[in-house]
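Okay, so here's the structure we're looking at.
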Amino acid sequence: YSLKIAQKLNLSTAEQGKIELAGLLHDIGMIGVTDKILYKIDKLSQEEYEEIKKHVNYGVKILEDIKQLKEVVNIIKHHHEHYSGQGYPDGLKGEEIPLGGRILAVSDVFDAITSKRHYRDKMPIKNALDIIKNGENSHFDKNIVDNFFEITLDNITNVFLTEYNFQMKSEDQEVLAKHKLKELYEILSKDESELSEYEKCLKSMFNHYYDNRQG
């Protein structure tokens, strides 16, 4: 998702590559967190959560000596910062946070809450989009959120299906390519009785792929 946002922002190919690589490597530091915490089913204690937060610093330490990854490492380091300044590790605020970090903040949260974990199921898509939308100017940069919602539904769907080597039907892809995520969000925000037959079909089509996603 981070690459799709970067493309919407019209960033250079080089910047897109850095953001895409940061997306792939952002959780490498989890290797430093004990399995007991990573695979715990119950809610984490505050002490355990503080240990999870250290994965950012672990990741930086693993990658910091690779000179070619200097900017990538900076994105990874700050992808848990909040636009309001309430994040970690440095409590950066607003545009103090590197652009790549602000992009990855949105894509990482969306990916996490729409993926199944050993301790919970994935979140319904409407709830997931509510979290992203409601996080504007607090957790997330509103401009990044706006561009995230501009991504077409075929691109959103392809991202999560690619992980599981699954493809959409060509006719479905053609339909989903005509609509943006913000349009789906508007449809999901309506009462079922308010939807047109076309809106019901579009909602059903997207949910078919989302609900059957193996993650």
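Chain labels follow the order of the structure tokens: the first chain is A, the next B, and so on; residue numbering restarts at 1 in every chain, and ligands are counted from 1 in their shown order.
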Find the residues of range 73-97 of chain A that sit at most 9 Å from range 22-46 of chain A; for each, write down the nearest two atoms and how far apart they are in Å, to one decimal. Count only C-alpha atoms. Sort by chain, then by number going up, and give it as a tab-separated table.
residue	atom	partner	partner_atom	distance
A:Val73	CA	A:Ala22	CA	7.2
A:Asn74	CA	A:Ala22	CA	8.9
A:Ile75	CA	A:Ala22	CA	6.4
A:Ile76	CA	A:His26	CA	5.1
A:Lys77	CA	A:His26	CA	8.1
A:His79	CA	A:His26	CA	8.0
Let me see the file: selected residues, C-alpha atoms, as a PDB file, in the first residue's frame.
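The resulting file, out.pdb, is shown below:
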ATOM      1  CA  VAL A  73      16.448   3.225   7.665  1.00  0.00           C
ATOM      2  CA  ASN A  74      15.188   6.725   8.520  1.00  0.00           C
ATOM      3  CA  ILE A  75      11.737   5.805   7.182  1.00  0.00           C
ATOM      4  CA  ILE A  76      11.721   2.570   9.167  1.00  0.00           C
ATOM      5  CA  LYS A  77      12.821   4.353  12.330  1.00  0.00           C
ATOM      6  CA  HIS A  79       6.973   4.829  10.864  1.00  0.00           C
TER       7      HIS A  79
END
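Residues surrounding His78 in chain A within 10 Å are His26, Val56, Asn57, Val73, Asn74, Ile75, Glu81, His82, Gly87, Tyr88, Pro89, Asp90, Gly91, Leu92, Glu96, Ile97, Pro98, Leu99, Gly100, Gly101, Arg102, Leu104 and Ala105 of chain A [only C-alpha atoms; sequence separation below 3 positions excluded].
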Residue set, range 15-143 of chain A restricted to strand (DSSP E or B), as a ChimeraX atom specification:
/A:117,120,136,140
Taking the chain letters and numbering used in this document, name the residues of range 37-203 of chain A that DSSP puts in helix (DSSP H, G or I), as a PyMOL selection string.
chain A and resi 37-38+46-53+55-63+67-77+94-96+99-113+125-134+142-148+153-162+170-176+181-188+192-194+197-203
